[in-house]
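Q: Structure: coords-v9.txt, compact mmCIF, N, CA and C atoms.
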# COMPACT_ATOMS: atom_id res chain seq x y z
N MET O 1 0.82 -1.19 0.00
CA MET O 1 0.00 0.00 0.00
C MET O 1 0.87 1.26 0.00
N GLU O 2 1.94 1.24 0.81
CA GLU O 2 2.83 2.40 0.86
C GLU O 2 3.52 2.62 -0.47
N GLU O 3 3.81 1.53 -1.17
CA GLU O 3 4.45 1.66 -2.48
C GLU O 3 3.55 2.40 -3.46
N LEU O 4 2.26 2.09 -3.42
CA LEU O 4 1.33 2.77 -4.31
C LEU O 4 1.24 4.25 -3.99
N GLU O 5 1.25 4.60 -2.72
CA GLU O 5 1.21 6.01 -2.33
C GLU O 5 2.47 6.74 -2.79
N GLU O 6 3.62 6.06 -2.68
CA GLU O 6 4.87 6.68 -3.11
C GLU O 6 4.87 6.90 -4.62
N ILE O 7 4.42 5.90 -5.36
CA ILE O 7 4.33 6.04 -6.82
C ILE O 7 3.38 7.16 -7.19
N HIS O 8 2.25 7.23 -6.50
CA HIS O 8 1.27 8.28 -6.77
C HIS O 8 1.84 9.66 -6.47
N SER O 9 2.58 9.80 -5.37
CA SER O 9 3.15 11.11 -5.03
C SER O 9 4.22 11.52 -6.04
N ARG O 10 5.03 10.56 -6.53
CA ARG O 10 6.03 10.88 -7.56
C ARG O 10 5.33 11.30 -8.85
N HIS O 11 4.24 10.63 -9.17
CA HIS O 11 3.49 10.98 -10.37
C HIS O 11 2.91 12.38 -10.25
N GLN O 12 2.42 12.73 -9.09
CA GLN O 12 1.88 14.07 -8.86
C GLN O 12 2.97 15.13 -9.02
N LEU O 13 4.17 14.85 -8.50
CA LEU O 13 5.27 15.81 -8.63
C LEU O 13 5.64 16.01 -10.09
N ARG O 14 5.67 14.93 -10.85
CA ARG O 14 6.05 15.03 -12.25
C ARG O 14 5.04 15.87 -13.03
N ASN O 15 3.76 15.77 -12.68
CA ASN O 15 2.74 16.53 -13.40
C ASN O 15 2.77 18.02 -13.08
N HIS O 16 3.37 18.40 -11.96
CA HIS O 16 3.40 19.80 -11.57
C HIS O 16 4.73 20.48 -11.85
N GLN O 17 5.61 19.81 -12.57
CA GLN O 17 6.88 20.43 -12.89
C GLN O 17 6.67 21.55 -13.89
N LYS O 18 7.52 22.54 -13.81
CA LYS O 18 7.44 23.69 -14.69
C LYS O 18 7.76 23.26 -16.13
N PRO O 19 6.91 23.65 -17.10
CA PRO O 19 7.18 23.26 -18.48
C PRO O 19 8.37 24.05 -19.04
N THR O 20 8.98 23.49 -20.05
CA THR O 20 10.12 24.17 -20.66
C THR O 20 9.64 25.42 -21.38
N PRO O 21 10.43 26.48 -21.38
CA PRO O 21 9.99 27.74 -21.98
C PRO O 21 9.99 27.74 -23.50
N HIS O 22 10.71 26.85 -24.14
CA HIS O 22 10.82 26.85 -25.60
C HIS O 22 10.50 25.48 -26.19
N PRO O 23 9.25 25.03 -26.08
CA PRO O 23 8.95 23.69 -26.61
C PRO O 23 9.07 23.61 -28.12
N LYS O 24 8.75 24.68 -28.84
CA LYS O 24 8.84 24.66 -30.30
C LYS O 24 10.29 24.57 -30.76
N LEU O 25 11.18 25.28 -30.08
CA LEU O 25 12.60 25.21 -30.42
C LEU O 25 13.13 23.81 -30.19
N ARG O 26 12.76 23.20 -29.07
CA ARG O 26 13.19 21.83 -28.79
C ARG O 26 12.65 20.86 -29.83
N PHE O 27 11.41 21.06 -30.26
CA PHE O 27 10.81 20.21 -31.28
C PHE O 27 11.58 20.32 -32.60
N VAL O 28 11.89 21.56 -33.00
CA VAL O 28 12.62 21.77 -34.25
C VAL O 28 14.01 21.14 -34.17
N LEU O 29 14.68 21.30 -33.05
CA LEU O 29 16.01 20.71 -32.89
C LEU O 29 15.95 19.18 -32.94
N ASN O 30 14.91 18.60 -32.37
CA ASN O 30 14.75 17.15 -32.42
C ASN O 30 14.47 16.67 -33.84
N VAL O 31 13.67 17.43 -34.59
CA VAL O 31 13.39 17.06 -35.99
C VAL O 31 14.67 17.13 -36.81
N ILE O 32 15.46 18.18 -36.60
CA ILE O 32 16.73 18.30 -37.32
C ILE O 32 17.63 17.11 -36.99
N PHE O 33 17.69 16.74 -35.71
CA PHE O 33 18.50 15.59 -35.32
C PHE O 33 18.04 14.31 -35.99
N MET O 34 16.73 14.06 -35.99
CA MET O 34 16.22 12.82 -36.58
C MET O 34 16.47 12.76 -38.09
N VAL O 35 16.26 13.88 -38.77
CA VAL O 35 16.50 13.92 -40.22
C VAL O 35 17.99 13.71 -40.50
N ALA O 36 18.85 14.38 -39.74
CA ALA O 36 20.30 14.22 -39.94
C ALA O 36 20.74 12.79 -39.65
N ALA O 37 20.14 12.15 -38.65
CA ALA O 37 20.50 10.77 -38.34
C ALA O 37 20.11 9.84 -39.48
N ILE O 38 18.91 10.00 -40.00
CA ILE O 38 18.45 9.14 -41.11
C ILE O 38 19.29 9.37 -42.35
N VAL O 39 19.49 10.65 -42.70
CA VAL O 39 20.28 10.97 -43.89
C VAL O 39 21.72 10.51 -43.71
N GLY O 40 22.28 10.73 -42.54
CA GLY O 40 23.67 10.36 -42.29
C GLY O 40 23.92 8.87 -42.35
N VAL O 41 23.04 8.10 -41.75
CA VAL O 41 23.20 6.64 -41.79
C VAL O 41 23.00 6.13 -43.21
N THR O 42 22.02 6.67 -43.91
CA THR O 42 21.80 6.27 -45.30
C THR O 42 23.03 6.61 -46.15
N TRP O 43 23.52 7.82 -45.99
CA TRP O 43 24.71 8.26 -46.75
C TRP O 43 25.92 7.37 -46.42
N TYR O 44 26.04 7.01 -45.14
CA TYR O 44 27.16 6.18 -44.69
C TYR O 44 27.17 4.84 -45.42
N PHE O 45 26.02 4.21 -45.56
CA PHE O 45 25.97 2.88 -46.17
C PHE O 45 25.89 2.92 -47.69
N VAL O 46 25.35 4.01 -48.26
CA VAL O 46 25.18 4.07 -49.72
C VAL O 46 26.37 4.71 -50.40
N ALA O 47 26.92 5.76 -49.81
CA ALA O 47 27.97 6.52 -50.50
C ALA O 47 29.27 6.50 -49.69
N ASP O 48 29.61 7.61 -49.11
CA ASP O 48 30.90 7.81 -48.47
C ASP O 48 30.78 7.67 -46.95
N HIS O 49 31.64 6.88 -46.34
CA HIS O 49 31.63 6.69 -44.89
C HIS O 49 31.99 7.98 -44.15
N TYR O 50 32.97 8.70 -44.64
CA TYR O 50 33.42 9.92 -43.96
C TYR O 50 32.31 10.97 -43.93
N THR O 51 31.68 11.21 -45.07
CA THR O 51 30.63 12.22 -45.14
C THR O 51 29.42 11.80 -44.29
N GLY O 52 29.07 10.53 -44.31
CA GLY O 52 27.97 10.04 -43.48
C GLY O 52 28.24 10.25 -42.00
N THR O 53 29.47 10.02 -41.60
CA THR O 53 29.85 10.23 -40.20
C THR O 53 29.74 11.70 -39.82
N ILE O 54 30.17 12.58 -40.70
CA ILE O 54 30.08 14.03 -40.44
C ILE O 54 28.63 14.47 -40.31
N ILE O 55 27.75 13.93 -41.16
CA ILE O 55 26.32 14.28 -41.09
C ILE O 55 25.72 13.82 -39.77
N VAL O 56 26.04 12.60 -39.34
CA VAL O 56 25.51 12.09 -38.07
C VAL O 56 26.05 12.90 -36.90
N LEU O 57 27.32 13.24 -36.92
CA LEU O 57 27.90 14.04 -35.83
C LEU O 57 27.29 15.44 -35.77
N THR O 58 26.98 16.01 -36.92
CA THR O 58 26.31 17.31 -36.94
C THR O 58 24.92 17.20 -36.31
N GLY O 59 24.21 16.14 -36.64
CA GLY O 59 22.90 15.92 -36.02
C GLY O 59 23.02 15.74 -34.52
N MET O 60 24.08 15.07 -34.08
CA MET O 60 24.28 14.89 -32.64
C MET O 60 24.56 16.22 -31.95
N ALA O 61 25.18 17.15 -32.64
CA ALA O 61 25.41 18.48 -32.05
C ALA O 61 24.06 19.18 -31.79
N PHE O 62 23.12 19.03 -32.74
CA PHE O 62 21.79 19.62 -32.53
C PHE O 62 21.09 18.95 -31.35
N LYS O 63 21.23 17.65 -31.22
CA LYS O 63 20.62 16.93 -30.10
C LYS O 63 21.25 17.35 -28.78
N PHE O 64 22.56 17.57 -28.76
CA PHE O 64 23.24 18.02 -27.56
C PHE O 64 22.73 19.40 -27.15
N PHE O 65 22.54 20.30 -28.12
CA PHE O 65 22.02 21.63 -27.83
C PHE O 65 20.60 21.53 -27.25
N GLU O 66 19.78 20.62 -27.78
CA GLU O 66 18.43 20.42 -27.26
C GLU O 66 18.49 19.88 -25.83
N LEU O 67 19.44 19.00 -25.57
CA LEU O 67 19.62 18.45 -24.23
C LEU O 67 19.99 19.56 -23.23
N VAL O 68 20.87 20.44 -23.63
CA VAL O 68 21.26 21.55 -22.75
C VAL O 68 20.06 22.43 -22.45
N ILE O 69 19.24 22.72 -23.44
CA ILE O 69 18.04 23.54 -23.22
C ILE O 69 17.09 22.83 -22.25
N ARG O 70 16.93 21.52 -22.42
CA ARG O 70 16.02 20.77 -21.56
C ARG O 70 16.53 20.68 -20.13
N ILE O 71 17.81 20.42 -19.94
CA ILE O 71 18.35 20.23 -18.59
C ILE O 71 18.37 21.55 -17.82
N PHE O 72 18.87 22.60 -18.47
CA PHE O 72 19.00 23.88 -17.77
C PHE O 72 17.76 24.76 -17.89
N LYS O 73 16.74 24.26 -18.60
CA LYS O 73 15.47 24.98 -18.78
C LYS O 73 15.71 26.41 -19.26
N LEU O 74 16.53 26.54 -20.30
CA LEU O 74 16.83 27.86 -20.87
C LEU O 74 15.71 28.36 -21.75
Give the structure from this file in structure tokens form.
A:
Amino acid sequence: MEELEEIHSRHQLRNHQKPTPHPKLRFVLNVIFMVAAIVGVTWYFVADHYTGTIIVLTGMAFKFFELVIRIFKL
């Protein structure tokens, strides 16, 4: 019974957390990351390994920037 109350209280805390101030920016950064990941992996296997790796790493930079915005709530 106590476990259920603890789970319920954690769920309540999660629902009352302050939302991020820039959800649209985070969404756009995530879309850029996903597109870069798909294009980069495709490019890696179809064409040049070096260029595919650069495309994937560029996408990861966008994901890292989104992570910083999410963690620090900028």
Q: Kindly give the distance, in Å, that separates atom N of Ala36 (chain O) and atom C of Pro21 (chain O), rounded to a single decimal.
A: 22.8 Å
Q: Quick one, how far is CA of Tyr50 (chain O) from atom N of Phe62 (chain O)?
A: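 The value is 17.7 Å.
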Q: Which is closer to Leu29 (chain O) than all the others in O:Val41, O:Thr58, O:Thr51, O:Lys63, using all atoms listed in the file?
A: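 Of O:Val41, O:Thr58, O:Thr51, O:Lys63, the one nearest Leu29 (chain O), counting all atoms listed in the file, is O:Lys63.
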Q: Figure out the distance between CA of Gly40 (chain O) and atom N of Ala61 (chain O), please, to one decimal in Å.
A: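 About the pair atom N of Ala61 (chain O) and CA of Gly40 (chain O): they are 11.9 Å apart.
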Q: Env of Val31 (chain O): 12 Å cut, atoms = only C-alpha atoms, seq-sep filter 3 positions within chain, self excluded. Answer as a list of chain:residue names.
A: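 After dropping sequence-adjacent residues, the list is O:Lys24, O:Leu25, O:Arg26, O:Phe27, O:Val28, O:Met34, O:Val35, O:Ala36, O:Ala37, O:Ile38, O:Gly59, O:Met60, O:Phe62, O:Lys63, O:Glu66.
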